[in-house]
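work-v5.txt (compact mmCIF, C-alpha atoms)
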```
# COMPACT_ATOMS: atom_id res chain seq x y z
CA MET Y 20 124.52 73.08 46.24
CA SER Y 21 127.44 74.43 44.20
CA ARG Y 22 126.74 74.70 40.50
CA VAL Y 23 130.31 73.61 39.73
CA PRO Y 24 131.21 69.91 40.04
CA PRO Y 25 134.39 69.20 42.03
CA ILE Y 26 137.56 68.76 39.98
CA VAL Y 27 140.48 67.04 41.69
CA HIS Y 28 144.05 68.02 40.80
CA HIS Y 29 147.52 67.81 42.33
CA PRO Y 30 150.77 69.23 40.92
CA ALA Y 31 152.37 65.83 41.55
CA PHE Y 32 150.23 64.35 38.75
CA ARG Y 33 153.10 65.38 36.49
CA ALA Y 34 156.19 63.26 37.13
CA GLU Y 35 159.70 63.90 35.87
CA MET Y 36 160.46 61.67 32.88
CA PRO Y 37 163.55 60.97 30.77
CA VAL Y 38 164.00 63.29 27.81
CA GLY Y 39 162.23 61.94 24.76
CA HIS Y 40 160.01 59.48 26.66
CA ARG Y 41 156.89 58.73 24.63
CA PHE Y 42 154.40 59.13 27.46
CA PRO Y 43 152.97 62.70 27.28
CA MET Y 44 153.48 63.53 30.95
CA ASP Y 45 153.12 67.28 30.41
CA LYS Y 46 149.44 66.81 29.58
CA PHE Y 47 148.48 66.76 33.26
CA SER Y 48 149.88 70.18 34.11
CA ARG Y 49 148.70 71.58 30.80
CA LEU Y 50 145.16 70.24 31.38
CA ALA Y 51 145.04 72.06 34.72
CA THR Y 52 146.19 75.28 33.05
CA VAL Y 53 143.53 74.97 30.34
CA LEU Y 54 140.75 74.33 32.86
CA GLU Y 55 141.84 77.24 35.07
CA ALA Y 56 142.02 79.59 32.08
CA GLU Y 57 138.44 78.66 31.16
CA GLY Y 58 137.18 78.97 34.74
CA VAL Y 59 135.95 75.38 34.76
CA PRO Y 60 136.88 74.63 38.41
CA GLY Y 61 134.93 77.68 39.61
CA LEU Y 62 135.99 80.32 42.12
CA ASP Y 63 137.13 77.76 44.71
CA GLY Y 64 139.52 76.12 42.24
CA PHE Y 65 140.70 72.54 42.26
CA VAL Y 66 140.28 70.14 45.16
CA LYS Y 67 143.71 68.82 46.18
CA PRO Y 68 143.87 65.15 47.18
CA GLU Y 69 146.03 63.45 49.75
CA PHE Y 70 148.33 60.67 48.61
CA VAL Y 71 146.69 57.27 48.89
CA ASP Y 72 147.87 55.28 51.92
CA VAL Y 73 149.49 51.87 51.77
CA GLU Y 74 146.66 50.16 53.64
CA THR Y 75 144.24 51.24 50.92
CA LEU Y 76 146.58 50.12 48.14
CA LEU Y 77 146.82 46.67 49.73
CA LEU Y 78 143.08 46.16 49.27
CA THR Y 79 143.88 45.81 45.55
CA HIS Y 80 147.61 45.30 45.00
CA THR Y 81 150.02 42.75 46.46
CA GLU Y 82 152.38 43.83 49.21
CA ASP Y 83 155.49 42.95 47.20
CA TYR Y 84 154.38 45.11 44.30
CA VAL Y 85 153.36 48.10 46.45
CA ARG Y 86 156.66 47.91 48.33
CA GLY Y 87 158.59 47.67 45.07
CA VAL Y 88 156.97 50.83 43.70
CA ILE Y 89 157.44 52.89 46.85
CA GLU Y 90 160.90 51.59 47.78
CA LEU Y 91 162.09 51.85 44.15
CA SER Y 92 162.98 48.17 44.06
CA LEU Y 93 160.81 46.77 41.27
CA PRO Y 94 162.32 43.98 39.17
CA ALA Y 95 163.59 45.14 35.78
CA GLU Y 96 160.98 43.12 33.90
CA VAL Y 97 158.16 44.84 35.80
CA VAL Y 98 159.67 48.25 35.06
CA ARG Y 99 159.76 47.34 31.37
CA ARG Y 100 156.15 46.20 31.52
CA ILE Y 101 155.09 49.51 33.06
CA GLY Y 102 157.07 51.53 30.56
CA MET Y 103 158.03 54.19 33.09
CA PRO Y 104 161.11 54.43 35.29
CA ASN Y 105 160.88 53.21 38.88
CA THR Y 106 161.71 56.60 40.39
CA ASP Y 107 160.50 58.60 43.36
CA SER Y 108 158.77 61.07 41.04
CA VAL Y 109 156.82 58.35 39.23
CA ALA Y 110 155.91 56.64 42.51
CA THR Y 111 154.74 59.94 44.00
CA ARG Y 112 152.62 60.58 40.92
CA ALA Y 113 150.98 57.16 41.25
CA LEU Y 114 150.17 57.80 44.92
CA ALA Y 115 148.75 61.23 44.12
CA ALA Y 116 146.68 60.12 41.12
CA THR Y 117 145.21 57.18 43.02
CA GLY Y 118 144.40 59.41 45.97
CA GLY Y 119 142.81 61.77 43.46
CA THR Y 120 140.44 59.16 42.10
CA LEU Y 121 139.49 58.05 45.61
CA LEU Y 122 138.76 61.65 46.60
CA ALA Y 123 136.77 62.22 43.40
CA ALA Y 124 134.71 59.12 44.17
CA ARG Y 125 133.95 60.34 47.68
CA LEU Y 126 132.94 63.74 46.31
CA ALA Y 127 130.75 62.12 43.65
CA LEU Y 128 128.88 60.19 46.34
CA ARG Y 129 128.12 63.49 48.08
CA GLN Y 130 127.53 65.77 45.10
CA GLY Y 131 126.51 63.45 42.27
CA ILE Y 132 129.50 63.99 40.00
CA ALA Y 133 133.21 64.71 40.31
CA CYS Y 134 136.21 64.41 38.01
CA ASN Y 135 139.92 63.78 38.40
CA THR Y 136 142.50 65.42 36.14
CA ALA Y 137 144.39 62.13 36.13
CA GLY Y 138 143.45 58.47 36.65
CA GLY Y 139 142.27 55.61 34.52
CA SER Y 140 145.37 53.43 34.96
CA HIS Y 141 143.47 50.35 33.88
CA HIS Y 142 146.33 48.09 32.75
CA ALA Y 143 147.69 47.70 36.29
CA SER Y 144 146.76 44.36 37.85
CA ALA Y 145 147.06 43.20 41.45
CA GLU Y 146 150.68 42.13 41.22
CA SER Y 147 152.11 44.41 38.51
CA GLY Y 148 151.76 47.58 36.53
CA ALA Y 149 151.72 47.68 32.73
CA GLY Y 150 151.18 50.01 29.80
CA PHE Y 151 152.15 53.26 31.60
CA CYS Y 152 149.93 52.28 34.56
CA VAL Y 153 151.41 51.86 38.05
CA PHE Y 154 148.47 51.55 40.48
CA ASN Y 155 144.94 50.82 39.26
CA ASP Y 156 143.33 53.91 40.76
CA VAL Y 157 139.74 53.01 39.88
CA ALA Y 158 140.08 49.54 41.38
CA VAL Y 159 141.72 50.93 44.50
CA ALA Y 160 138.97 53.52 44.97
CA ALA Y 161 136.21 50.97 44.43
CA ARG Y 162 137.77 48.50 46.87
CA ARG Y 163 138.17 51.17 49.54
CA LEU Y 164 134.56 52.34 49.23
CA LEU Y 165 133.33 48.75 49.32
CA ALA Y 166 135.45 47.97 52.39
CA GLU Y 167 134.01 50.99 54.19
CA GLY Y 168 130.45 50.06 53.26
CA ALA Y 169 130.05 53.38 51.43
CA ILE Y 170 128.87 51.44 48.37
CA GLY Y 171 127.64 47.92 47.73
CA GLN Y 172 127.86 47.86 43.94
CA ALA Y 173 130.10 49.66 41.45
CA LEU Y 174 130.08 49.85 37.66
CA VAL Y 175 133.20 50.60 35.63
CA VAL Y 176 132.44 52.15 32.24
CA ASP Y 177 135.81 52.02 30.50
CA LEU Y 178 135.78 53.78 27.13
CA ASP Y 179 139.53 54.10 26.67
CA VAL Y 180 140.60 52.75 23.26
CA HIS Y 181 142.53 49.97 25.01
CA GLN Y 182 140.90 47.17 26.97
CA GLY Y 183 140.86 47.63 30.74
CA ASP Y 184 142.57 44.30 31.22
CA GLY Y 185 144.03 45.00 34.64
CA THR Y 186 140.67 46.10 36.02
CA ALA Y 187 139.00 43.01 34.54
CA ARG Y 188 141.53 40.71 36.18
CA ILE Y 189 141.31 42.43 39.56
CA PHE Y 190 137.53 42.07 39.69
CA GLU Y 191 137.21 38.70 38.01
CA GLY Y 192 134.69 36.71 40.02
CA ASP Y 193 133.79 39.72 42.18
CA PRO Y 194 130.07 40.51 41.67
CA SER Y 195 130.33 43.79 43.59
CA VAL Y 196 132.10 45.48 40.65
CA PHE Y 197 130.81 45.12 37.10
CA THR Y 198 133.41 45.89 34.42
CA LEU Y 199 132.48 47.17 30.96
CA SER Y 200 135.27 47.76 28.46
CA MET Y 201 134.47 49.14 25.01
CA HIS Y 202 137.69 49.27 23.04
CA ALA Y 203 139.42 48.74 19.71
CA GLU Y 204 139.62 45.03 18.97
CA LYS Y 205 143.08 45.11 17.35
CA ASN Y 206 144.93 47.14 19.92
CA PHE Y 207 147.00 46.76 23.09
CA PRO Y 208 146.94 44.55 25.08
CA HIS Y 209 147.47 41.70 22.66
CA ARG Y 210 146.37 39.19 25.30
CA LYS Y 211 142.97 40.41 26.40
CA ALA Y 212 141.39 39.69 29.76
CA THR Y 213 137.69 38.94 30.22
CA SER Y 214 135.60 41.84 31.50
CA ASP Y 215 132.03 41.30 32.61
CA LEU Y 216 131.17 42.88 29.26
CA ASP Y 217 133.68 43.43 26.47
CA VAL Y 218 132.65 45.36 23.36
CA GLU Y 219 135.29 45.12 20.65
CA LEU Y 220 135.21 47.69 17.86
CA ALA Y 221 136.68 47.48 14.39
CA ASP Y 222 139.46 49.82 13.27
CA GLY Y 223 138.08 53.06 11.90
CA THR Y 224 134.84 53.03 13.89
CA GLY Y 225 133.64 56.65 13.79
CA ASP Y 226 131.33 58.84 15.82
CA VAL Y 227 128.00 57.53 14.55
CA ALA Y 228 128.64 53.80 14.90
CA TYR Y 229 130.48 54.30 18.20
CA LEU Y 230 127.69 56.29 19.81
CA GLU Y 231 125.03 53.93 18.48
CA LYS Y 232 126.82 50.98 20.10
CA LEU Y 233 127.18 52.84 23.39
CA GLY Y 234 123.49 53.70 23.28
CA GLU Y 235 122.61 50.04 22.84
CA ILE Y 236 124.57 49.06 25.94
CA LEU Y 237 124.65 51.69 28.65
CA PRO Y 238 120.99 52.30 29.59
CA ALA Y 239 120.27 48.59 29.99
CA LEU Y 240 123.47 48.14 31.98
CA LEU Y 241 122.62 50.94 34.40
CA ARG Y 242 119.20 49.39 34.97
CA SER Y 243 120.46 45.83 35.42
CA VAL Y 244 123.57 46.50 37.52
CA ARG Y 245 121.95 49.28 39.57
CA PRO Y 246 125.31 50.62 40.76
CA ASP Y 247 125.82 52.89 43.74
CA ILE Y 248 128.58 54.62 41.76
CA VAL Y 249 129.91 54.64 38.19
CA PHE Y 250 133.61 55.00 37.41
CA PHE Y 251 133.88 56.49 33.91
CA ASN Y 252 137.23 56.12 32.15
CA ALA Y 253 136.98 58.85 29.51
CA GLY Y 254 140.15 58.05 27.58
CA VAL Y 255 140.49 60.29 24.52
CA ASP Y 256 142.65 57.82 22.61
CA PRO Y 257 139.71 56.69 20.44
CA HIS Y 258 140.26 60.04 18.64
CA ALA Y 259 141.18 59.88 14.97
CA ASP Y 260 144.43 61.79 15.56
CA ASP Y 261 145.63 59.75 18.54
CA LYS Y 262 148.99 58.06 18.05
CA LEU Y 263 148.03 54.87 19.91
CA GLY Y 264 144.35 54.59 19.00
CA ARG Y 265 142.74 52.83 16.06
CA LEU Y 266 139.28 54.36 16.05
CA SER Y 267 138.13 57.54 14.32
CA LEU Y 268 136.26 59.70 16.79
CA THR Y 269 136.25 63.48 16.47
CA ASP Y 270 136.28 66.12 19.21
CA ASP Y 271 132.53 66.43 18.71
CA GLY Y 272 132.14 62.68 19.04
CA LEU Y 273 134.07 62.66 22.31
CA GLY Y 274 131.92 65.50 23.62
CA ARG Y 275 128.74 63.65 22.72
CA ARG Y 276 130.11 60.49 24.36
CA GLU Y 277 130.92 62.32 27.60
CA ALA Y 278 127.51 64.01 27.63
CA TYR Y 279 125.78 60.69 27.06
CA VAL Y 280 127.55 58.79 29.84
CA LEU Y 281 127.45 61.56 32.42
CA GLY Y 282 123.90 62.50 31.49
CA ALA Y 283 122.66 58.92 31.75
CA CYS Y 284 124.07 58.64 35.26
CA LEU Y 285 122.76 62.01 36.40
CA SER Y 286 119.29 61.29 35.03
CA LEU Y 287 119.10 58.18 37.21
CA GLU Y 288 120.74 59.95 40.18
CA ILE Y 289 123.70 57.56 40.08
CA PRO Y 290 126.91 59.19 41.35
CA VAL Y 291 129.56 59.25 38.62
CA VAL Y 292 133.28 59.91 38.83
CA GLY Y 293 135.26 60.74 35.69
CA VAL Y 294 138.93 59.93 35.13
CA ILE Y 295 140.83 61.02 32.04
CA GLY Y 296 142.34 57.73 30.86
CA GLY Y 297 144.65 57.57 27.86
CA GLY Y 298 145.49 60.14 25.24
CA TYR Y 299 148.63 60.30 23.11
CA ASP Y 300 149.35 63.27 20.86
CA ALA Y 301 152.63 65.04 20.23
CA ASP Y 302 150.79 68.37 20.47
CA ILE Y 303 150.29 68.78 24.22
CA ASP Y 304 147.97 71.76 23.84
CA ARG Y 305 145.69 69.84 21.52
CA LEU Y 306 145.76 66.81 23.81
CA ALA Y 307 145.00 68.82 26.94
CA ALA Y 308 142.06 70.49 25.21
CA ARG Y 309 140.76 67.05 24.26
CA HIS Y 310 140.98 65.79 27.86
CA ALA Y 311 139.26 68.98 29.04
CA ILE Y 312 136.11 67.93 27.19
CA LEU Y 313 135.26 65.65 30.13
CA HIS Y 314 135.45 68.45 32.68
CA ARG Y 315 133.70 71.03 30.51
CA THR Y 316 130.87 68.59 29.86
CA ALA Y 317 130.55 67.69 33.53
CA LYS Y 318 130.25 71.37 34.44
CA SER Y 319 127.67 72.03 31.75
CA LEU Y 320 125.46 69.09 32.71
CA TYR Y 321 125.85 69.65 36.43
CA SER Y 322 124.91 73.32 36.17
CA SER Y 323 121.71 72.39 34.38
CA VAL Y 324 120.53 70.04 37.14
CA ALA Y 325 122.08 71.50 40.31
```
Would you mind giving the structure from this file in structure tokens?
Amino acid sequence: MSRVPPIVHHPAFRAEMPVGHRFPMDKFSRLATVLEAEGVPGLDGFVKPEFVDVETLLLTHTEDYVRGVIELSLPAEVVRRIGMPNTDSVATRALAATGGTLLAARLALRQGIACNTAGGSHHASAESGAGFCVFNDVAVAARRLLAEGAIGQALVVDLDVHQGDGTARIFEGDPSVFTLSMHAEKNFPHRKATSDLDVELADGTGDVAYLEKLGEILPALLRSVRPDIVFFNAGVDPHADDKLGRLSLTDDGLGRREAYVLGACLSLEIPVVGVIGGGYDADIDRLAARHAILHRTAKSLYSSVA
């Protein structure tokens, strides 16, 4: 077995955006550069995904919405809700990133762990995108694996600073996917959905309290849900310096969080797929290094057990 966990990346993860747009699109290409410079992907490099196909998207999203994204015909109000232009570049990015999470999930089932350099678009619901999210890549990947019979039970561990409201709505009433969202209570979205388990944190929650709360929840959840795969949204927006977060985690805290989640899954031999989730910092280099914590940690843990 390779001592390097698979890392999925595609150049199309970076879409062309209007000048001055507040979404830090350059973080995806910069993250890949950082990981390559550090040798994290190993000698074989990144694994390049195929774009997700329409049939797979329709297991999660409505036909009108999928067609609107791909044919560049979304209503203006939906485009505003997404917060990104309805362009070919943005649509291509959404297809690539979703295909990336699906590929990472397949690789995790075979090798125990795999990570995407994109993904975590958890505000997208069945009929619409929102909050910089076009297609809900985790939901799409879970639905495809369930439809194929590759898994019977999935667990979403969403630790982005924002609630995974789209994921919660997609899987509401579906016992085959358990959704955990641990997020800042007073943050977007203002109208929260109902996950299977929501953990709302006060503004300013730091490393110690955050990790204690996670430790109270995750082991029991892994034992009770007994998932065939875990989708880990490792958003770095709980960081103290994040523009859109309200918590106070440090780089060290994020590293300990990633090690705890990935380690808990590996110790129970539960396949785990990591997606990068949100992160908003004007300094792209600093932001990319923060996202790279997930991939560095995955390599370190994987090498110790492979």
Please compute the atom CA of Gly282 of chain Y-atom CA of Arg33 of chain Y distance, one decimal, in Å.
29.8 Å
Rank Y:Glu146, Y:Asp300, Y:Glu277, Y:Glu167 by their smallest atom-to-atom distance to Phe251 of chain Y, using only C-alpha atoms, and report the top residue only.
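Nearest candidate to Phe251 of chain Y out of Y:Glu146, Y:Asp300, Y:Glu277, Y:Glu167: Y:Glu277.
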Between atom CA of Gly168 of chain Y and atom CA of His142 of chain Y - distance in Å to one decimal:
26.0 Å
Kindly indicate which residue among Y:Leu78, Y:Leu121, Y:Ile101, Y:Val73 lies nearest to Ala133 of chain Y, using all atoms listed in the file for the distances.
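Nearest to Ala133 of chain Y: Y:Leu121.
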Using all atoms listed in the file, determine which residues lie at most 8 Å from His80 of chain Y, disregarding the query and same-chain residues fewer than 6 positions distant; provide the list as a count of residues only.
5
Measure the distance from atom CA of Glu57 of chain Y to atom CA of Pro24 of chain Y in Å and round it to one decimal.
14.4 Å
Skip segment 124-127 of chain Y itself and residues of its chain fewer than 5 positions away, then list as a PyMOL selection string all residues within 6 Å of it, counting only C-alpha atoms.
chain Y and resi 132-133+290-292
Between Y:Gly39, Y:Pro238, Y:Gly118, Y:Gly171, which one has atoms that come closest to Asp193 of chain Y, using all atoms listed in the file?
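Using all atoms listed in the file, Asp193 of chain Y sits closest to Y:Gly171.
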Top pick for closest residue to His310 of chain Y, considering Y:Ala278, Y:Leu62, Y:Leu54, Y:Val244 and counting only C-alpha atoms
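Residue with the minimum atom-to-atom distance to His310 of chain Y: Y:Leu54.
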What's around Ser322 of chain Y at 10 Å? Count all atoms listed in the file, leave out sequence neighbours fewer than 5 positions away in its own chain, and write the answer as a PDB file with C-alpha atoms, keeping the file's coordinate frame.
```pdb
ATOM      1  CA  SER Y  21     127.440  74.430  44.200  1.00  0.00           C
ATOM      2  CA  ARG Y  22     126.740  74.700  40.500  1.00  0.00           C
ATOM      3  CA  VAL Y  23     130.310  73.610  39.730  1.00  0.00           C
ATOM      4  CA  PRO Y  24     131.210  69.910  40.040  1.00  0.00           C
ATOM      5  CA  THR Y 316     130.870  68.590  29.860  1.00  0.00           C
ATOM      6  CA  ALA Y 317     130.550  67.690  33.530  1.00  0.00           C
TER       7      ALA Y 317
END
```
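Using all atoms listed in the file, the nearest neighbour of Val153 of chain Y within the list Y:Cys134, Y:Ile236, Y:Val88, Y:Ala228 is Y:Val88.
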May I have the residues within 12 Å of segment 206-213 of chain Y as a VMD selection string, using only C-alpha atoms and disregarding those fewer than 4 positions away in the same chain?
chain Y and resid 100 141 to 144 149 to 151 179 to 192 197 to 202 217 to 222 256 to 257 262 to 266
Keeping only C-alpha atoms, take the residues you just selected and write them out as a PDB file, in the frame of the given file.
```pdb
ATOM      1  CA  ARG Y 100     156.150  46.200  31.520  1.00  0.00           C
ATOM      2  CA  HIS Y 141     143.470  50.350  33.880  1.00  0.00           C
ATOM      3  CA  HIS Y 142     146.330  48.090  32.750  1.00  0.00           C
ATOM      4  CA  ALA Y 143     147.690  47.700  36.290  1.00  0.00           C
ATOM      5  CA  SER Y 144     146.760  44.360  37.850  1.00  0.00           C
ATOM      6  CA  ALA Y 149     151.720  47.680  32.730  1.00  0.00           C
ATOM      7  CA  GLY Y 150     151.180  50.010  29.800  1.00  0.00           C
ATOM      8  CA  PHE Y 151     152.150  53.260  31.600  1.00  0.00           C
ATOM      9  CA  ASP Y 179     139.530  54.100  26.670  1.00  0.00           C
ATOM     10  CA  VAL Y 180     140.600  52.750  23.260  1.00  0.00           C
ATOM     11  CA  HIS Y 181     142.530  49.970  25.010  1.00  0.00           C
ATOM     12  CA  GLN Y 182     140.900  47.170  26.970  1.00  0.00           C
ATOM     13  CA  GLY Y 183     140.860  47.630  30.740  1.00  0.00           C
ATOM     14  CA  ASP Y 184     142.570  44.300  31.220  1.00  0.00           C
ATOM     15  CA  GLY Y 185     144.030  45.000  34.640  1.00  0.00           C
ATOM     16  CA  THR Y 186     140.670  46.100  36.020  1.00  0.00           C
ATOM     17  CA  ALA Y 187     139.000  43.010  34.540  1.00  0.00           C
ATOM     18  CA  ARG Y 188     141.530  40.710  36.180  1.00  0.00           C
ATOM     19  CA  ILE Y 189     141.310  42.430  39.560  1.00  0.00           C
ATOM     20  CA  PHE Y 190     137.530  42.070  39.690  1.00  0.00           C
ATOM     21  CA  GLU Y 191     137.210  38.700  38.010  1.00  0.00           C
ATOM     22  CA  GLY Y 192     134.690  36.710  40.020  1.00  0.00           C
ATOM     23  CA  PHE Y 197     130.810  45.120  37.100  1.00  0.00           C
ATOM     24  CA  THR Y 198     133.410  45.890  34.420  1.00  0.00           C
ATOM     25  CA  LEU Y 199     132.480  47.170  30.960  1.00  0.00           C
ATOM     26  CA  SER Y 200     135.270  47.760  28.460  1.00  0.00           C
ATOM     27  CA  MET Y 201     134.470  49.140  25.010  1.00  0.00           C
ATOM     28  CA  HIS Y 202     137.690  49.270  23.040  1.00  0.00           C
ATOM     29  CA  ASP Y 217     133.680  43.430  26.470  1.00  0.00           C
ATOM     30  CA  VAL Y 218     132.650  45.360  23.360  1.00  0.00           C
ATOM     31  CA  GLU Y 219     135.290  45.120  20.650  1.00  0.00           C
ATOM     32  CA  LEU Y 220     135.210  47.690  17.860  1.00  0.00           C
ATOM     33  CA  ALA Y 221     136.680  47.480  14.390  1.00  0.00           C
ATOM     34  CA  ASP Y 222     139.460  49.820  13.270  1.00  0.00           C
ATOM     35  CA  ASP Y 256     142.650  57.820  22.610  1.00  0.00           C
ATOM     36  CA  PRO Y 257     139.710  56.690  20.440  1.00  0.00           C
ATOM     37  CA  LYS Y 262     148.990  58.060  18.050  1.00  0.00           C
ATOM     38  CA  LEU Y 263     148.030  54.870  19.910  1.00  0.00           C
ATOM     39  CA  GLY Y 264     144.350  54.590  19.000  1.00  0.00           C
ATOM     40  CA  ARG Y 265     142.740  52.830  16.060  1.00  0.00           C
ATOM     41  CA  LEU Y 266     139.280  54.360  16.050  1.00  0.00           C
TER      42      LEU Y 266
END
```
Box in all listed atoms of segment 132-140 of chain Y, axis-aligned, with 4 Å more on each side; write out centre and edge lengths in Å to one decimal as AutoDock Vina command-line options.
```
--center_x 137.4 --center_y 59.4 --center_z 37.4 --size_x 23.9 --size_y 20.0 --size_z 13.8
```
Restricting the calculation to all atoms listed in the file: of Y:Asp304, Y:Ser319, Y:Cys152, Y:Gly234, which residue gets closest to Ala283 of chain Y?
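Among the listed residues, Y:Gly234 lies closest to Ala283 of chain Y.
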Polymer residues at most 10 Å from Val255 of chain Y, only C-alpha atoms, same-chain spacing of 5 or more positions, as a list in words:
Leu178, Asp179, Val180, Asp260, Asp261, Gly264, Leu268, Thr269, Asp270, Leu273, Ile295, Gly296, Gly297, Gly298, Tyr299, Leu306, Ala307, Arg309, His310, Ala311, Ile312 and Leu313 of chain Y
